>>> print(open('structure26.pdb').read())   # PDB, C-alpha atoms
ATOM      1  CA  MET A  86      11.650 126.181  82.702
ATOM      2  CA  THR A  87      11.203 128.070  79.461
ATOM      3  CA  LEU A  88      13.265 131.079  78.506
ATOM      4  CA  GLN A  89      10.173 133.264  78.893
ATOM      5  CA  GLU A  90       9.606 131.958  82.435
ATOM      6  CA  ALA A  91      13.251 132.535  83.336
ATOM      7  CA  ALA A  92      13.044 136.046  81.894
ATOM      8  CA  ALA A  93      10.062 136.801  84.118
ATOM      9  CA  VAL A  94      11.854 135.554  87.246
ATOM     10  CA  LEU A  95      15.057 137.463  86.408
ATOM     11  CA  HIS A  96      13.388 140.662  85.164
ATOM     12  CA  ILE A  97      14.902 140.299  81.697
ATOM     13  CA  ASP A  98      13.476 142.374  78.870
ATOM     14  CA  LEU A  99      13.750 139.345  76.626
ATOM     15  CA  GLU A 100      13.006 141.133  73.372
ATOM     16  CA  SER A 101      15.756 143.713  73.943
ATOM     17  CA  ALA A 102      18.225 141.093  75.132
ATOM     18  CA  VAL A 103      17.737 138.892  72.086
ATOM     19  CA  VAL A 104      18.107 141.918  69.801
ATOM     20  CA  ARG A 105      21.581 142.490  71.308
ATOM     21  CA  PHE A 106      22.433 139.026  69.997
ATOM     22  CA  GLY A 107      21.368 139.802  66.462
ATOM     23  CA  GLY A 108      17.853 138.526  67.070
ATOM     24  CA  ASN A 109      19.255 135.021  67.475
ATOM     25  CA  GLU A 110      17.564 133.434  70.507
ATOM     26  CA  GLY A 111      19.761 130.339  70.277
ATOM     27  CA  LEU A 112      22.907 132.459  70.476
ATOM     28  CA  TYR A 113      21.449 134.377  73.421
ATOM     29  CA  ARG A 114      20.686 131.104  75.223
ATOM     30  CA  ARG A 115      24.256 129.904  74.627
ATOM     31  CA  PHE A 116      25.652 133.070  76.191
ATOM     32  CA  LEU A 117      23.293 132.756  79.155
ATOM     33  CA  GLY A 118      24.646 129.245  79.592
ATOM     34  CA  LYS A 119      28.207 130.575  79.753
ATOM     35  CA  LEU A 120      27.451 132.802  82.755
ATOM     36  CA  ALA A 121      28.348 130.010  85.172
ATOM     37  CA  GLN A 122      31.826 129.825  83.623
ATOM     38  CA  ASP A 123      32.479 133.559  83.910
ATOM     39  CA  LYS A 124      35.110 134.257  86.570
ATOM     40  CA  THR A 125      34.141 137.879  87.221
ATOM     41  CA  PHE A 126      31.880 137.135  90.186
ATOM     42  CA  ALA A 127      34.634 135.088  91.871
ATOM     43  CA  GLN A 128      37.103 137.916  91.247
ATOM     44  CA  LEU A 129      34.692 140.396  92.804
ATOM     45  CA  GLU A 130      34.145 138.167  95.820
ATOM     46  CA  GLU A 131      37.902 137.772  96.346
ATOM     47  CA  ALA A 132      38.483 141.513  96.014
ATOM     48  CA  VAL A 133      35.723 142.295  98.521
ATOM     49  CA  ASN A 134      37.140 139.751 100.965
ATOM     50  CA  THR A 135      40.630 141.256 100.735
ATOM     51  CA  GLY A 136      39.508 144.894 100.680
ATOM     52  CA  ASP A 137      41.221 145.556  97.332
ATOM     53  CA  TRP A 138      38.976 148.472  96.350
ATOM     54  CA  GLU A 139      40.535 149.021  92.933
ATOM     55  CA  SER A 140      39.877 145.375  92.053
ATOM     56  CA  VAL A 141      36.398 145.583  93.580
ATOM     57  CA  GLU A 142      35.550 148.508  91.316
ATOM     58  CA  ARG A 143      37.016 146.816  88.230
ATOM     59  CA  ALA A 144      35.309 143.464  88.816
ATOM     60  CA  ALA A 145      31.966 145.028  89.755
ATOM     61  CA  HIS A 146      32.107 147.212  86.650
ATOM     62  CA  THR A 147      32.905 144.198  84.469
ATOM     63  CA  LEU A 148      30.108 142.154  86.041
ATOM     64  CA  LYS A 149      27.745 145.070  85.497
ATOM     65  CA  GLY A 150      28.607 145.021  81.786
ATOM     66  CA  VAL A 151      28.202 141.260  81.464
ATOM     67  CA  ALA A 152      24.835 141.430  83.226
ATOM     68  CA  ALA A 153      23.684 144.382  81.119
ATOM     69  CA  ASN A 154      24.538 142.579  77.893
ATOM     70  CA  LEU A 155      22.583 139.528  79.034
ATOM     71  CA  GLY A 156      19.673 141.609  80.296
ATOM     72  CA  LEU A 157      20.136 140.484  83.911
ATOM     73  CA  GLU A 158      18.840 143.695  85.425
ATOM     74  CA  ASP A 159      19.046 142.640  89.082
ATOM     75  CA  VAL A 160      22.709 141.661  88.759
ATOM     76  CA  ARG A 161      23.444 144.814  86.752
ATOM     77  CA  ALA A 162      21.822 147.125  89.293
ATOM     78  CA  ALA A 163      23.456 145.439  92.295
ATOM     79  CA  SER A 164      26.879 145.524  90.624
ATOM     80  CA  ASP A 165      26.415 149.173  89.733
ATOM     81  CA  ALA A 166      25.663 149.971  93.379
ATOM     82  CA  VAL A 167      29.020 148.453  94.347
ATOM     83  CA  VAL A 168      30.807 150.467  91.664
ATOM     84  CA  GLN A 169      29.162 153.685  92.821
ATOM     85  CA  ALA A 170      29.950 153.018  96.492
ATOM     86  CA  VAL A 171      33.643 152.435  95.778
ATOM     87  CA  ARG A 172      33.840 155.512  93.554
ATOM     88  CA  ALA A 173      32.213 157.568  96.300
ATOM     89  CA  GLY A 174      34.691 156.250  98.853
ATOM     90  CA  ASP A 175      31.936 154.497 100.816
ATOM     91  CA  THR A 176      33.841 151.253 101.236
ATOM     92  CA  ALA A 177      31.962 150.502 104.469
ATOM     93  CA  ALA A 178      28.841 149.896 102.374
ATOM     94  CA  VAL A 179      30.502 147.456  99.995
ATOM     95  CA  ALA A 180      30.046 144.289 102.077
ATOM     96  CA  GLY A 181      26.293 144.792 102.294
ATOM     97  CA  LEU A 182      26.026 145.743  98.657
ATOM     98  CA  PHE A 183      28.072 142.709  97.662
ATOM     99  CA  ARG A 184      25.567 140.473  99.455
ATOM    100  CA  GLU A 185      22.916 141.866  97.085
ATOM    101  CA  VAL A 186      25.156 141.119  94.092
ATOM    102  CA  ALA A 187      25.728 137.586  95.371
ATOM    103  CA  LEU A 188      22.011 136.975  95.868
ATOM    104  CA  ALA A 189      21.131 138.301  92.408
ATOM    105  CA  PHE A 190      23.973 136.388  90.743
ATOM    106  CA  ARG A 191      23.152 133.095  92.452
ATOM    107  CA  THR A 192      19.466 133.531  91.658
ATOM    108  CA  ALA A 193      20.419 134.056  88.018
ATOM    109  CA  LEU A 194      22.601 130.934  87.994
ATOM    110  CA  ASP A 195      19.951 128.827  89.706
ATOM    111  CA  THR A 196      17.219 130.041  87.371
ATOM    112  CA  LEU A 197      19.288 129.676  84.207
ATOM    113  CA  GLY A 198      20.295 126.204  85.325
ATOM    114  CA  GLN A 199      16.628 125.212  85.046
ATOM    115  CA  LEU A 200      16.271 126.251  81.394
ATOM    116  CA  THR A 201      14.973 123.545  79.108
TER     117      THR A 201
END
>>> encode(input="structure26.pdb", output="structure tokens")
Amino acid sequence: MTLQEAAAVLHIDLESAVVRFGGNEGLYRRFLGKLAQDKTFAQLEEAVNTGDWESVERAAHTLKGVAANLGLEDVRAASDAVVQAVRAGDTAAVAGLFREVALAFRTALDTLGQLT
């Protein structure tokens, strides 16, 4: 799969994303490749499972930033929804919202794993 094809699947504004990496597509690709090593998603999952709302907010906010920097709009939006729910005190919604984060994150990993 080409980077352009992956960008289409993941709703990445590729031009803007590459600009954030100094216009260096190779550098951008390297950072996309590091997503699988990032521990933020696992931290968010653990915090959701234990009901540690402060950690949920922190991890979701961090994941939102990582996703935004990489241009992963679906992951960014889903993570932001978790952040907003916790801040609003709507912790009952977090489990469902986390499922959306998990789906978007796993889709990103699967898609990026197919890059050639």
>>> resolve_selection(input="structure26.pdb", expression="the PyMOL selection byres ((chain A and resi 132-146) around 10)", output="compact mmCIF listing (two decimals) with C-alpha atoms, keeping the file's coordinate frame")
# COMPACT_ATOMS: atom_id res chain seq x y z
CA LYS A 124 35.11 134.26 86.57
CA THR A 125 34.14 137.88 87.22
CA PHE A 126 31.88 137.14 90.19
CA ALA A 127 34.63 135.09 91.87
CA GLN A 128 37.10 137.92 91.25
CA LEU A 129 34.69 140.40 92.80
CA GLU A 130 34.15 138.17 95.82
CA GLU A 131 37.90 137.77 96.35
CA THR A 147 32.90 144.20 84.47
CA LEU A 148 30.11 142.15 86.04
CA LYS A 149 27.74 145.07 85.50
CA GLY A 150 28.61 145.02 81.79
CA VAL A 151 28.20 141.26 81.46
CA ALA A 152 24.84 141.43 83.23
CA VAL A 160 22.71 141.66 88.76
CA ARG A 161 23.44 144.81 86.75
CA ALA A 163 23.46 145.44 92.30
CA SER A 164 26.88 145.52 90.62
CA ASP A 165 26.42 149.17 89.73
CA ALA A 166 25.66 149.97 93.38
CA VAL A 167 29.02 148.45 94.35
CA VAL A 168 30.81 150.47 91.66
CA GLN A 169 29.16 153.68 92.82
CA ALA A 170 29.95 153.02 96.49
CA VAL A 171 33.64 152.44 95.78
CA ARG A 172 33.84 155.51 93.55
CA GLY A 174 34.69 156.25 98.85
CA THR A 176 33.84 151.25 101.24
CA VAL A 179 30.50 147.46 100.00
CA ALA A 180 30.05 144.29 102.08
CA PHE A 183 28.07 142.71 97.66
CA VAL A 186 25.16 141.12 94.09
>>> resolve_selection(input="structure26.pdb", expression="the PyMOL selection byres ((chain A and resi 193) around 12)", output="ChimeraX atom specification")
/A:91-97,117-121,152,155-161,186-192,194-200
>>> atom_distance(input="structure26.pdb", atom1="atom CA of Arg114 of chain A", atom2="atom CA of Met86 of chain A")
12.7 Å
>>> atom_distance(input="structure26.pdb", atom1="atom CA of Gln122 of chain A", atom2="atom CA of Leu99 of chain A")
21.6 Å
>>> atom_distance(input="structure26.pdb", atom1="atom CA of Asp98 of chain A", atom2="atom CA of Asp123 of chain A")
21.5 Å
